[in-house]
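Heads up, work-v9.cif below (mmCIF, C-alpha atoms):
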data_upload
loop_
_atom_site.label_atom_id
_atom_site.label_comp_id
_atom_site.auth_asym_id
_atom_site.auth_seq_id
_atom_site.Cartn_x
_atom_site.Cartn_y
_atom_site.Cartn_z
CA MET I 74 149.69 83.58 145.53
CA SER I 75 150.88 82.09 148.77
CA TYR I 76 149.40 83.02 152.09
CA ASP I 77 150.16 81.60 155.50
CA PHE I 78 147.11 81.32 157.64
CA ASN I 79 147.70 82.46 161.16
CA PHE I 80 145.06 81.95 163.80
CA THR I 81 147.29 82.60 166.80
CA PHE I 82 145.78 85.97 167.62
CA ILE I 83 142.24 84.61 167.37
CA TRP I 84 142.93 81.59 169.60
CA ASN I 85 144.72 83.78 172.12
CA ASN I 86 141.76 86.12 172.21
CA PHE I 87 139.05 83.52 171.91
CA ASP I 88 137.42 84.80 175.10
CA VAL I 89 136.77 88.12 173.30
CA VAL I 90 135.21 86.22 170.40
CA LEU I 91 132.97 84.21 172.71
CA MET I 92 132.00 87.37 174.56
CA GLY I 93 131.01 88.75 171.15
CA LEU I 94 128.74 85.75 170.63
CA VAL I 95 127.21 86.27 174.07
CA ASN I 96 126.59 89.92 173.24
CA SER I 97 124.92 88.96 169.94
CA LEU I 98 122.64 86.57 171.80
CA ARG I 99 121.92 89.21 174.41
CA LEU I 100 120.95 91.79 171.77
CA ALA I 101 118.61 89.21 170.21
CA ALA I 102 117.18 88.20 173.59
CA LEU I 103 116.41 91.85 174.39
CA SER I 104 115.02 92.76 170.97
CA ILE I 105 112.87 89.73 170.20
CA PRO I 106 110.41 90.05 173.13
CA ILE I 107 109.99 93.80 172.53
CA ALA I 108 109.50 93.22 168.81
CA MET I 109 106.92 90.51 169.54
CA ALA I 110 104.99 92.67 172.00
CA LEU I 111 104.97 95.63 169.63
CA GLY I 112 104.16 93.44 166.64
CA LEU I 113 101.24 91.82 168.47
CA LEU I 114 99.89 95.17 169.61
CA LEU I 115 100.05 96.56 166.08
CA ALA I 116 98.46 93.39 164.67
CA LEU I 117 95.57 93.69 167.14
CA ILE I 118 95.09 97.33 166.14
CA TYR I 119 95.11 96.22 162.51
CA VAL I 120 92.65 93.37 162.96
CA ASP I 121 90.28 94.80 165.60
CA GLY I 122 90.90 98.49 165.31
CA HIS I 123 89.32 101.41 163.57
CA ARG I 124 89.98 102.20 159.92
CA ILE I 125 92.42 104.96 160.92
CA GLY I 126 94.44 102.61 163.16
CA ARG I 127 94.48 100.08 160.35
CA GLY I 128 95.87 102.66 157.93
CA LEU I 129 98.54 103.78 160.39
CA VAL I 130 99.72 100.22 161.02
CA ALA I 131 99.79 99.51 157.27
CA GLY I 132 101.81 102.69 156.75
CA TYR I 133 104.25 101.76 159.53
CA VAL I 134 104.84 98.33 158.03
CA GLU I 135 105.26 99.77 154.52
CA VAL I 136 107.83 102.36 155.58
CA VAL I 137 109.83 100.29 158.06
CA ARG I 138 110.09 97.16 155.93
CA ASN I 139 111.09 98.95 152.77
CA ALA I 140 114.26 100.65 154.05
CA PRO I 141 117.41 98.74 155.07
CA LEU I 142 117.98 98.00 158.77
CA LEU I 143 121.44 99.56 158.44
CA LEU I 144 119.83 102.88 157.51
CA TRP I 145 117.37 102.69 160.43
CA VAL I 146 120.27 102.01 162.79
CA TYR I 147 122.02 105.18 161.62
CA LEU I 148 118.82 107.21 161.64
CA VAL I 149 117.92 106.24 165.20
CA PHE I 150 121.43 106.62 166.58
CA TYR I 151 122.54 109.80 164.80
CA GLY I 152 119.34 111.38 163.50
CA VAL I 153 116.77 111.04 166.27
CA PRO I 154 118.93 112.48 169.10
CA GLN I 155 119.70 115.45 166.86
CA ALA I 156 116.03 116.07 166.07
CA THR I 157 114.64 115.46 169.56
CA GLY I 158 117.49 116.16 171.98
CA LEU I 159 117.03 112.71 173.51
CA ARG I 160 120.21 110.97 174.61
CA TYR I 161 120.72 107.21 174.82
CA ASP I 162 123.64 104.82 174.49
CA ARG I 163 124.31 102.79 171.37
CA GLU I 164 123.04 99.53 172.77
CA VAL I 165 119.68 101.00 173.79
CA SER I 166 119.55 102.63 170.36
CA PHE I 167 120.24 99.38 168.55
CA VAL I 168 117.80 97.30 170.59
CA ALA I 169 115.08 99.92 170.01
CA THR I 170 115.82 99.97 166.27
CA LEU I 171 115.89 96.21 165.85
CA SER I 172 112.69 95.86 167.92
CA CYS I 173 110.80 98.35 165.76
CA TYR I 174 112.21 96.79 162.57
CA GLY I 175 111.35 93.28 163.71
CA ALA I 176 107.87 94.39 164.78
CA ALA I 177 107.12 95.48 161.21
CA TYR I 178 107.78 91.90 160.04
CA LEU I 179 105.99 90.31 163.00
CA VAL I 180 102.80 92.37 162.44
CA GLU I 181 102.24 90.39 159.25
CA VAL I 182 102.87 87.10 161.05
CA PHE I 183 100.49 87.91 163.91
CA ARG I 184 97.89 89.39 161.60
CA SER I 185 97.68 86.29 159.44
CA GLY I 186 97.59 84.20 162.61
CA LEU I 187 94.75 86.19 164.16
CA GLU I 188 92.80 86.07 160.92
CA SER I 189 93.12 82.30 160.66
CA VAL I 190 91.58 81.58 164.07
CA PRO I 191 88.33 79.81 163.12
CA ARG I 192 85.30 82.06 163.54
CA GLY I 193 83.40 79.22 165.26
CA GLN I 194 85.91 79.10 168.13
CA ILE I 195 85.47 82.81 168.80
CA ASP I 196 81.68 82.51 168.69
CA ALA I 197 81.87 79.52 171.01
CA GLY I 198 83.86 81.66 173.46
CA TYR I 199 81.17 84.35 173.46
CA ALA I 200 78.46 81.70 173.67
CA ILE I 201 79.78 80.45 177.01
CA GLY I 202 79.69 84.02 178.29
CA MET I 203 83.28 85.20 177.86
CA THR I 204 83.94 88.89 177.48
CA SER I 205 85.95 90.26 174.56
CA PRO I 206 89.26 90.38 176.47
CA GLN I 207 88.64 86.86 177.77
CA VAL I 208 88.03 85.58 174.27
CA LEU I 209 91.26 87.26 173.18
CA LEU I 210 93.28 85.84 176.07
CA HIS I 211 91.83 82.33 176.25
CA VAL I 212 90.73 81.63 172.68
CA ARG I 213 92.30 83.81 170.02
CA LEU I 214 95.87 84.22 171.28
CA PRO I 215 96.55 80.57 172.22
CA THR I 216 95.16 79.35 168.89
CA MET I 217 97.05 82.04 167.00
CA PHE I 218 100.37 81.13 168.63
CA ARG I 219 100.04 77.50 167.63
CA ILE I 220 99.25 78.45 164.05
CA ILE I 221 102.09 80.94 163.63
CA LEU I 222 104.83 79.18 165.58
CA PRO I 223 106.86 78.15 162.50
CA ALA I 224 106.68 81.66 160.99
CA LEU I 225 107.46 83.14 164.40
CA SER I 226 110.61 81.07 164.80
CA ASN I 227 111.78 82.07 161.32
CA SER I 228 111.41 85.71 162.36
CA CYS I 229 113.38 85.09 165.55
CA ILE I 230 116.20 83.53 163.55
CA SER I 231 116.23 86.52 161.16
CA LEU I 232 116.38 88.89 164.12
CA PHE I 233 119.31 86.99 165.62
CA LYS I 234 121.17 87.27 162.32
CA ASP I 235 120.28 90.96 162.09
CA THR I 236 122.12 91.66 165.37
CA SER I 237 125.29 91.57 163.22
CA ILE I 238 124.35 95.07 162.03
CA ALA I 239 125.09 96.34 165.57
CA MET I 240 128.72 96.16 164.46
CA VAL I 241 128.40 99.54 162.76
CA LEU I 242 127.72 101.26 166.09
CA GLY I 243 130.79 99.62 167.61
CA ILE I 244 128.78 97.33 169.88
CA PRO I 245 131.15 94.42 170.62
CA GLU I 246 129.00 91.61 169.22
CA LEU I 247 130.20 88.71 167.07
CA ALA I 248 130.55 90.49 163.70
CA PHE I 249 132.30 93.38 165.44
CA THR I 250 134.93 91.03 166.85
CA ALA I 251 135.74 90.01 163.28
CA GLN I 252 136.33 93.68 162.46
CA TRP I 253 138.34 94.06 165.65
CA ILE I 254 140.59 91.11 164.72
CA ASN I 255 140.97 92.65 161.28
CA THR I 256 142.04 96.05 162.55
CA SER I 257 144.35 94.51 165.18
CA THR I 258 146.14 92.04 162.91
CA PHE I 259 144.92 92.47 159.31
CA ARG I 260 143.99 88.77 159.52
CA VAL I 261 140.61 89.44 157.96
CA VAL I 262 140.21 86.08 156.21
CA GLU I 263 141.04 84.11 159.34
CA ALA I 264 138.65 86.28 161.34
CA TRP I 265 135.67 85.52 159.11
CA MET I 266 136.70 81.86 158.85
CA VAL I 267 136.14 81.65 162.60
CA ILE I 268 133.15 83.99 162.92
CA VAL I 269 131.04 82.49 160.10
CA PRO I 270 131.06 78.95 161.57
CA LEU I 271 130.22 80.40 164.97
CA TYR I 272 127.16 82.13 163.49
CA LEU I 273 126.23 78.96 161.61
CA VAL I 274 126.41 76.74 164.69
CA THR I 275 124.49 79.25 166.83
CA THR I 276 121.76 79.79 164.23
CA TYR I 277 121.23 76.05 163.82
CA ALA I 278 121.24 75.54 167.59
CA ILE I 279 118.42 78.12 167.79
CA ILE I 280 116.60 76.52 164.83
CA PHE I 281 116.89 73.09 166.48
CA ALA I 282 115.53 74.38 169.79
CA LEU I 283 112.62 76.17 168.10
CA ARG I 284 111.73 73.10 166.00
CA ARG I 285 111.43 71.09 169.22
CA LEU I 286 109.17 73.77 170.63
CA GLU I 287 107.08 73.66 167.44
CA ARG I 288 106.67 69.89 167.71
CA ARG I 289 105.63 70.25 171.32
CA PHE I 290 102.86 72.75 170.50
CA LYS I 291 101.95 71.38 167.10
CA VAL I 292 98.30 71.84 166.11
CA ALA I 293 96.90 68.34 165.87
CA MET J 100 112.22 129.96 156.81
CA GLU J 101 113.55 126.73 158.26
CA GLU J 102 111.82 124.65 155.63
CA ARG J 103 113.44 126.59 152.82
CA ASP J 104 116.81 125.94 154.44
CA PHE J 105 116.15 122.20 154.45
CA LEU J 106 115.04 122.34 150.86
CA SER J 107 118.18 124.15 149.72
CA LEU J 108 120.35 121.68 151.67
CA VAL J 109 118.68 118.79 149.87
CA ILE J 110 119.07 120.52 146.51
CA VAL J 111 122.78 121.05 147.11
CA ALA J 112 123.28 117.44 148.21
CA TRP J 113 121.11 115.95 145.48
CA PRO J 114 123.82 115.24 142.83
CA ALA J 115 125.78 113.16 145.37
CA LEU J 116 122.65 111.31 146.47
CA GLN J 117 121.61 110.74 142.88
CA LYS J 118 124.93 109.05 142.11
CA GLY J 119 124.35 106.84 145.13
CA VAL J 120 120.84 105.96 143.99
CA LEU J 121 122.13 105.03 140.54
CA LEU J 122 124.84 102.81 142.02
CA THR J 123 122.34 101.12 144.34
CA LEU J 124 119.94 100.49 141.46
CA GLY J 125 122.73 99.34 139.11
CA LEU J 126 124.19 96.95 141.67
CA ALA J 127 120.73 95.65 142.58
CA ALA J 128 119.89 95.10 138.89
CA VAL J 129 123.09 93.10 138.32
CA VAL J 130 122.48 91.02 141.44
CA VAL J 131 118.80 90.46 140.58
CA ALA J 132 119.77 89.23 137.09
CA ILE J 133 122.55 86.89 138.29
CA THR J 134 120.51 85.45 141.16
CA LEU J 135 117.47 84.91 138.92
CA VAL J 136 119.45 82.81 136.44
CA LEU J 137 121.50 80.94 139.05
CA GLY J 138 118.63 80.54 141.53
CA VAL J 139 116.17 79.11 139.01
CA THR J 140 118.86 76.81 137.57
CA THR J 141 119.83 75.59 141.03
CA ALA J 142 116.18 75.00 141.89
CA VAL J 143 115.59 72.96 138.71
CA VAL J 144 118.69 70.88 139.48
CA MET J 145 117.52 70.44 143.09
CA VAL J 146 114.08 69.25 142.04
CA TYR J 147 115.17 66.93 139.20
CA ALA J 148 118.72 65.80 140.04
CA GLY J 149 119.78 62.77 142.03
CA ARG J 150 120.17 62.56 145.77
CA TRP J 151 123.86 63.57 145.90
CA THR J 152 123.59 66.71 143.78
CA ARG J 153 120.48 67.63 145.71
CA GLY J 154 122.34 67.12 148.99
CA VAL J 155 125.24 69.35 147.95
CA LEU J 156 122.89 72.17 146.89
CA ARG J 157 120.82 71.75 150.07
CA LEU J 158 124.05 72.19 152.03
CA TYR J 159 124.84 75.42 150.17
CA VAL J 160 121.33 76.84 150.70
CA ASP J 161 121.24 75.89 154.39
CA PHE J 162 124.73 77.25 154.94
CA ILE J 163 123.83 80.65 153.49
CA ARG J 164 120.57 80.80 155.43
CA GLY J 165 122.37 80.13 158.69
CA VAL J 166 124.72 83.10 158.51
CA PRO J 167 123.97 86.86 158.53
CA ALA J 168 124.12 88.60 155.14
CA LEU J 169 126.78 90.93 156.48
CA ALA J 170 129.09 88.03 157.44
CA ILE J 171 128.62 86.29 154.07
CA ILE J 172 129.26 89.48 152.15
CA PHE J 173 132.41 90.35 154.07
CA SER J 174 133.73 86.78 153.83
CA ILE J 175 133.17 86.41 150.11
CA TYR J 176 134.55 89.88 149.46
CA TYR J 177 137.78 89.10 151.25
CA LEU J 178 137.98 85.49 150.08
CA LEU J 179 137.64 86.26 146.35
CA PRO J 180 141.35 87.05 145.89
CA PHE J 181 142.12 83.61 147.38
CA ALA J 182 140.02 82.05 144.64
CA GLY J 183 142.30 83.86 142.18
CA LEU J 184 139.73 86.52 141.37
CA GLN J 185 141.06 90.05 141.39
CA LEU J 186 137.89 91.95 140.66
CA ARG J 187 136.92 95.57 140.85
CA GLU J 188 135.21 96.59 144.09
CA PHE J 189 131.80 96.80 142.42
CA ASP J 190 132.16 93.35 140.85
CA SER J 191 133.36 91.78 144.10
CA ALA J 192 130.39 93.26 145.91
CA ALA J 193 128.04 91.98 143.19
CA VAL J 194 129.52 88.47 143.47
CA ALA J 195 129.24 88.52 147.26
CA LEU J 196 125.61 89.65 147.17
CA ALA J 197 124.84 87.12 144.43
CA VAL J 198 126.26 84.23 146.46
CA PHE J 199 124.03 85.25 149.35
CA PHE J 200 120.81 85.95 147.48
CA THR J 201 121.01 83.02 145.03
CA ALA J 202 120.19 80.78 148.00
CA HIS J 203 117.02 82.81 148.63
CA VAL J 204 115.91 82.76 144.98
CA THR J 205 116.61 79.00 144.93
CA GLU J 206 114.24 78.41 147.84
CA VAL J 207 111.51 80.51 146.24
CA ALA J 208 111.92 78.81 142.86
CA ARG J 209 112.04 75.34 144.41
CA GLY J 210 108.81 75.98 146.26
CA ALA J 211 107.19 77.20 143.05
CA LEU J 212 108.37 74.19 141.03
CA GLU J 213 107.17 71.76 143.68
CA SER J 214 103.75 73.41 143.75
CA VAL J 215 103.05 72.19 140.22
CA ALA J 216 100.91 69.06 140.45
CA ARG J 217 102.77 65.81 139.75
CA GLY J 218 100.12 64.77 137.23
CA GLN J 219 100.98 67.72 134.99
CA GLU J 220 104.52 66.40 134.57
CA ASP J 221 103.24 62.87 133.90
CA ALA J 222 100.74 64.12 131.35
CA ALA J 223 103.50 66.08 129.59
CA LYS J 224 105.62 62.94 129.46
CA ALA J 225 102.66 60.98 128.14
CA VAL J 226 102.20 63.32 125.19
CA GLY J 227 105.88 62.86 124.37
CA LEU J 228 107.44 66.16 125.47
CA TRP J 229 111.12 65.90 126.33
CA PHE J 230 112.58 67.42 129.47
CA MET J 231 113.21 70.98 128.29
CA GLN J 232 109.82 71.13 126.58
CA ARG J 233 108.12 69.93 129.75
CA LEU J 234 109.84 72.69 131.69
CA ALA J 235 109.14 75.40 129.14
CA TYR J 236 105.55 74.58 128.21
CA VAL J 237 104.12 72.83 131.26
CA VAL J 238 106.02 73.38 134.51
CA PHE J 239 107.34 76.94 134.25
CA PRO J 240 104.09 78.62 133.17
CA GLN J 241 102.26 77.05 136.11
CA ALA J 242 105.09 77.64 138.59
CA MET J 243 105.22 81.31 137.59
CA ARG J 244 102.32 82.50 139.74
CA ARG J 245 103.79 80.77 142.79
CA PHE J 246 107.19 82.26 141.97
CA LEU J 247 106.54 85.92 141.21
CA PRO J 248 105.13 87.27 144.50
CA PRO J 249 107.80 85.80 146.83
CA TRP J 250 110.49 86.57 144.25
CA MET J 251 109.47 90.24 144.31
CA ASN J 252 110.03 90.13 148.07
CA VAL J 253 113.54 88.81 147.42
CA VAL J 254 114.11 91.68 144.97
CA VAL J 255 113.18 94.14 147.74
CA GLU J 256 115.55 92.28 150.10
CA ILE J 257 118.30 92.57 147.46
CA ILE J 258 117.82 96.33 147.15
CA LYS J 259 117.96 96.64 150.94
CA GLY J 260 120.91 94.23 151.01
CA THR J 261 122.96 96.44 148.71
CA ALA J 262 123.18 98.95 151.59
CA LEU J 263 125.70 96.57 153.19
CA VAL J 264 128.26 97.35 150.46
CA SER J 265 128.57 100.81 152.01
CA LEU J 266 130.58 99.01 154.72
CA LEU J 267 133.04 97.92 152.02
CA GLY J 268 133.57 101.54 150.99
CA ILE J 269 131.40 101.45 147.88
CA VAL J 270 129.49 104.70 147.50
CA ASP J 271 125.91 103.49 147.15
CA LEU J 272 122.88 105.46 148.39
CA MET J 273 123.73 104.48 151.98
CA LEU J 274 127.35 105.68 151.92
CA ALA J 275 126.48 108.73 149.80
CA THR J 276 123.97 109.69 152.49
CA GLN J 277 126.54 109.18 155.24
CA GLN J 278 129.00 111.37 153.35
CA VAL J 279 126.40 114.11 152.99
CA VAL J 280 125.62 113.83 156.72
CA GLY J 281 129.35 114.08 157.39
CA ARG J 282 129.52 117.35 155.44
CA THR J 283 126.29 118.97 156.62
CA PHE J 284 125.74 117.44 160.10
CA GLU J 285 122.07 117.13 159.15
CA ALA J 286 121.70 113.52 160.25
CA MET J 287 117.92 113.40 160.69
CA LEU J 288 117.20 115.24 157.45
CA PHE J 289 119.40 113.18 155.16
CA TYR J 290 118.81 109.78 156.73
CA GLY J 291 115.13 110.66 156.40
CA VAL J 292 115.60 111.52 152.73
CA ALA J 293 117.40 108.19 152.22
CA VAL J 294 114.51 106.33 153.91
CA ALA J 295 112.09 108.11 151.58
CA ILE J 296 114.11 107.07 148.52
CA TYR J 297 114.41 103.42 149.57
CA VAL J 298 110.70 103.30 150.47
CA LEU J 299 109.75 104.87 147.15
CA ILE J 300 111.75 102.29 145.19
CA ASN J 301 110.69 99.27 147.24
CA ALA J 302 107.05 100.21 147.78
CA THR J 303 106.68 100.57 144.02
CA LEU J 304 108.06 97.07 143.59
CA SER J 305 105.93 95.51 146.33
CA ASN J 306 102.80 97.14 144.93
CA LEU J 307 103.72 95.73 141.54
CA SER J 308 103.99 92.32 143.16
CA ARG J 309 100.57 92.72 144.79
CA MET J 310 99.13 93.62 141.40
CA LEU J 311 100.67 90.46 139.93
CA GLU J 312 99.22 88.41 142.77
CA ARG J 313 95.75 89.74 141.99
CA ARG J 314 96.36 89.12 138.31
CA PHE J 315 97.07 85.45 139.04
CA ALA J 316 94.44 85.07 141.78
CA TYR J 317 91.79 83.76 139.38
CA LEU J 318 93.84 80.61 138.96
CA ASP J 319 93.25 79.66 142.59
CA ARG J 320 89.49 79.71 142.36
#

Take the structure from the file and write it as structure tokens.
Amino acid sequence: MSYDFNFTFIWNNFDVVLMGLVNSLRLAALSIPIAMALGLLLALIYVDGHRIGRGLVAGYVEVVRNAPLLLWVYLVFYGVPQATGLRYDREVSFVATLSCYGAAYLVEVFRSGLESVPRGQIDAGYAIGMTSPQVLLHVRLPTMFRIILPALSNSCISLFKDTSIAMVLGIPELAFTAQWINTSTFRVVEAWMVIVPLYLVTTYAIIFALRRLERRFKVA
Amino acid sequence: MEERDFLSLVIVAWPALQKGVLLTLGLAAVVVAITLVLGVTTAVVMVYAGRWTRGVLRLYVDFIRGVPALAIIFSIYYLLPFAGLQLREFDSAAVALAVFFTAHVTEVARGALESVARGQEDAAKAVGLWFMQRLAYVVFPQAMRRFLPPWMNVVVEIIKGTALVSLLGIVDLMLATQQVVGRTFEAMLFYGVAVAIYVLINATLSNLSRMLERRFAYLDR
């Protein structure tokens, strides 16, 4: 079988490809903070909350983590507006979906972090007259973050990679540009030969940056 | 009244969904089997082989882990014919998923193998066991409890990962659901049903894994 590789179209439209990468990063940058906030909130409910709250959080994690993200993306974009009458664009839909999906993974990370804060530190906080919220803000959360930083950065990297699923809603992120090149030129192999290295370089750039952050805040 | 309507819709759509479920489970089973054999083998090679072999395998694992599953699966699927492999759709999809998930099983298995205390290996050598015997009687049994729980997580990831083959036009549970939604316009209902099916399958597996963890917990005391 002989095949002539032709990258002309891709090089000529490289600005579209780079824009795709920027959009992927933007989706991740929007979703990750929301996922972290929601994950932390749910973890606090799980650790400090009432039995009922605990059960609800456990149920949320069980349901969300056990179905594919692709399915959640379809359910939120096509199902929820039908059931509720709400209307939102595909990007809002995807960011909301990825945030809720990511939160279900981050709950576990935050929970284990909160539970591994030494009891003595918390007691020491109360002993010097801190209130519960003060202990949370000045003792538990800072310690927790240092403990979970490696796990947290792994989750961030997963969430960045998961933005590729946004392709199915036609959001012009990196994986979508590969599909776009394919439908424009049928140069599907060339498309992925360019897109995969771009993902690889970006993921490792993020990993490298996060590792530096981890070293900076390393627990002695 | 409305509820009965939903029920009858689901009953009518069930044969199509059932076919999808069977394809998802069949594909997942094939991928789980391939990745188990390849992943454990790769991990053994990584732990025991020389620096160069180790480096090459490290490169493979790190490469896979740096790229989204969707991109790997599409690439492999379209690249297979270039490697001279003209496979059926199902087989191509299985190969693509296997290439992706073998890297994950490798990491889990490597971690498990490395968790076995060095002295165990030395003791096995001292009593005259040769390499395969050391693996079979000393290392593997001890690595097992470190392997099973995270491996079950990978199995769940594989089942979820098979949903990506719907994008290649293979009618798994995901695509079967989309087709039913296309016919009935009941998006919320049928995507909800699909969630329930995936959760049922995967929650059963993760609970099994938790049971295994408890079963092996006594070893940590």

For a quick check of understanding, using all atoms listed in the file, which of I:Leu117, I:Ile244, I:Cys173, I:Val180 has the smallest distance to Ala224 of chain I? I:Val180

What is the atom CA of Phe150 of chain I-atom CA of Gly281 of chain J distance in Å, reported with one decimal?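 Between atom CA of Phe150 of chain I and atom CA of Gly281 of chain J the gap is 14.2 Å.
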
For the provided coordinates, the residues matched by the PyMOL selection byres ((chain J and resi 164) around 9) should be stated as a VMD selection string. (chain I and resid 273 276) or (chain J and resid 159 to 163 165 to 168 199 202 to 203)

Only C-alpha atoms, please: the residues just picked out, written as an mmCIF file, in the frame of the given file.
data_model
loop_
_atom_site.group_PDB
_atom_site.id
_atom_site.type_symbol
_atom_site.label_atom_id
_atom_site.label_comp_id
_atom_site.auth_asym_id
_atom_site.auth_seq_id
_atom_site.Cartn_x
_atom_site.Cartn_y
_atom_site.Cartn_z
ATOM 1 C CA LEU I 273 126.230 78.960 161.610
ATOM 2 C CA THR I 276 121.760 79.790 164.230
ATOM 3 C CA TYR J 159 124.840 75.420 150.170
ATOM 4 C CA VAL J 160 121.330 76.840 150.700
ATOM 5 C CA ASP J 161 121.240 75.890 154.390
ATOM 6 C CA PHE J 162 124.730 77.250 154.940
ATOM 7 C CA ILE J 163 123.830 80.650 153.490
ATOM 8 C CA GLY J 165 122.370 80.130 158.690
ATOM 9 C CA VAL J 166 124.720 83.100 158.510
ATOM 10 C CA PRO J 167 123.970 86.860 158.530
ATOM 11 C CA ALA J 168 124.120 88.600 155.140
ATOM 12 C CA PHE J 199 124.030 85.250 149.350
ATOM 13 C CA ALA J 202 120.190 80.780 148.000
ATOM 14 C CA HIS J 203 117.020 82.810 148.630
#

Considering only C-alpha atoms, can you say which of I:Leu225, I:Thr250, I:Tyr76, I:Tyr277 comes closest to Asp88 of chain I?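 For Asp88 of chain I, the nearest of the candidates is I:Thr250.
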
Interface, chain J side, toward chain I (8 Å; all atoms listed in the file) as a ChimeraX atom specification: /J:162,165-171,173-174,177-178,181,255,259-260,262-263,273,285-288,290-291,293-294,297-298,301-302

Kindly save the residues from that selection, with C-alpha atoms included, as an mmCIF file, in the coordinates of the input.
data_model
loop_
_atom_site.group_PDB
_atom_site.id
_atom_site.type_symbol
_atom_site.label_atom_id
_atom_site.label_comp_id
_atom_site.auth_asym_id
_atom_site.auth_seq_id
_atom_site.Cartn_x
_atom_site.Cartn_y
_atom_site.Cartn_z
ATOM 1 C CA PHE J 162 124.730 77.250 154.940
ATOM 2 C CA GLY J 165 122.370 80.130 158.690
ATOM 3 C CA VAL J 166 124.720 83.100 158.510
ATOM 4 C CA PRO J 167 123.970 86.860 158.530
ATOM 5 C CA ALA J 168 124.120 88.600 155.140
ATOM 6 C CA LEU J 169 126.780 90.930 156.480
ATOM 7 C CA ALA J 170 129.090 88.030 157.440
ATOM 8 C CA ILE J 171 128.620 86.290 154.070
ATOM 9 C CA PHE J 173 132.410 90.350 154.070
ATOM 10 C CA SER J 174 133.730 86.780 153.830
ATOM 11 C CA TYR J 177 137.780 89.100 151.250
ATOM 12 C CA LEU J 178 137.980 85.490 150.080
ATOM 13 C CA PHE J 181 142.120 83.610 147.380
ATOM 14 C CA VAL J 255 113.180 94.140 147.740
ATOM 15 C CA LYS J 259 117.960 96.640 150.940
ATOM 16 C CA GLY J 260 120.910 94.230 151.010
ATOM 17 C CA ALA J 262 123.180 98.950 151.590
ATOM 18 C CA LEU J 263 125.700 96.570 153.190
ATOM 19 C CA MET J 273 123.730 104.480 151.980
ATOM 20 C CA GLU J 285 122.070 117.130 159.150
ATOM 21 C CA ALA J 286 121.700 113.520 160.250
ATOM 22 C CA MET J 287 117.920 113.400 160.690
ATOM 23 C CA LEU J 288 117.200 115.240 157.450
ATOM 24 C CA TYR J 290 118.810 109.780 156.730
ATOM 25 C CA GLY J 291 115.130 110.660 156.400
ATOM 26 C CA ALA J 293 117.400 108.190 152.220
ATOM 27 C CA VAL J 294 114.510 106.330 153.910
ATOM 28 C CA TYR J 297 114.410 103.420 149.570
ATOM 29 C CA VAL J 298 110.700 103.300 150.470
ATOM 30 C CA ASN J 301 110.690 99.270 147.240
ATOM 31 C CA ALA J 302 107.050 100.210 147.780
#

Residues within 12 Å of Arg192 of chain I, please, as a ChimeraX atom specification. Count only C-alpha atoms; anything in the same chain fewer than 6 positions from it doesn't count. /I:198-199,208,212-213,216

Coordinates-based distance that separates atom CA of Leu108 of chain J from atom CA of Thr283 of chain J (Å, one decimal): 8.2 Å

May I ask for the distance between atom CA of Tyr119 of chain I and atom CA of Pro206 of chain I, given in Å to one decimal place?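 Going from atom CA of Tyr119 of chain I over to atom CA of Pro206 of chain I, I get 16.2 Å.
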
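If you count all atoms listed in the file and draw a sphere of 6 Å around (114.1, 83.9, 143.4), the protein and nucleic acid residues inside it come out as Leu135, Gly138, Val204, Thr205, Val207, Ala208 and Trp250 of chain J.
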
Output file for the selection above: C-alpha atoms, as a compact mmCIF listing (two decimals), keeping the file's coordinate frame:
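So result-v7.txt came out as:
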# COMPACT_ATOMS: atom_id res chain seq x y z
CA LEU J 135 117.47 84.91 138.92
CA GLY J 138 118.63 80.54 141.53
CA VAL J 204 115.91 82.76 144.98
CA THR J 205 116.61 79.00 144.93
CA VAL J 207 111.51 80.51 146.24
CA ALA J 208 111.92 78.81 142.86
CA TRP J 250 110.49 86.57 144.25

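Closest to Phe82 of chain I among I:Cys229, I:Ile195, I:Ala239, I:Trp253 is I:Trp253, based on only C-alpha atoms.
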
Given the file shown, determine the residues that the PyMOL selection byres ((chain J and resi 116) around 9) selects; report them as a PyMOL selection string. chain J and resi 112-115+117-121+271-273+275-276+279+293

As lines of an AutoDock Vina configuration file, please: the centre and edge lengths in Å, to one decimal, of an axis-aligned box enclosing every listed atom of segment 200-206 of chain I with 5 Å added on each side.
center_x = 83.9
center_y = 85.4
center_z = 176.0
size_x = 20.8
size_y = 19.9
size_z = 14.6

Running the PyMOL selection byres ((chain I and resi 89-93) around 7) on this model by hand, what would come out? Give it as a list of chain:residue names. I:Asn86, I:Phe87, I:Asp88, I:Leu94, I:Val95, I:Asn96, I:Ser97, I:Pro245, I:Glu246, I:Leu247, I:Thr250

Between I:Phe167, I:Tyr174, I:Phe259, I:Phe218, single out the one closest to Leu242 of chain I, counting all atoms listed in the file. I:Phe167

Name the residues within 12 Å of (99.1, 98.5, 154.1), counting all atoms listed in the file in the file's coordinates, and put them as a count of residues only. 25

Between J:Met145, J:Val238, J:Ser265, J:Thr134, which is the closest to Asp221 of chain J once you count all atoms listed in the file?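 Ranked by minimum distance to Asp221 of chain J, first place goes to J:Val238.
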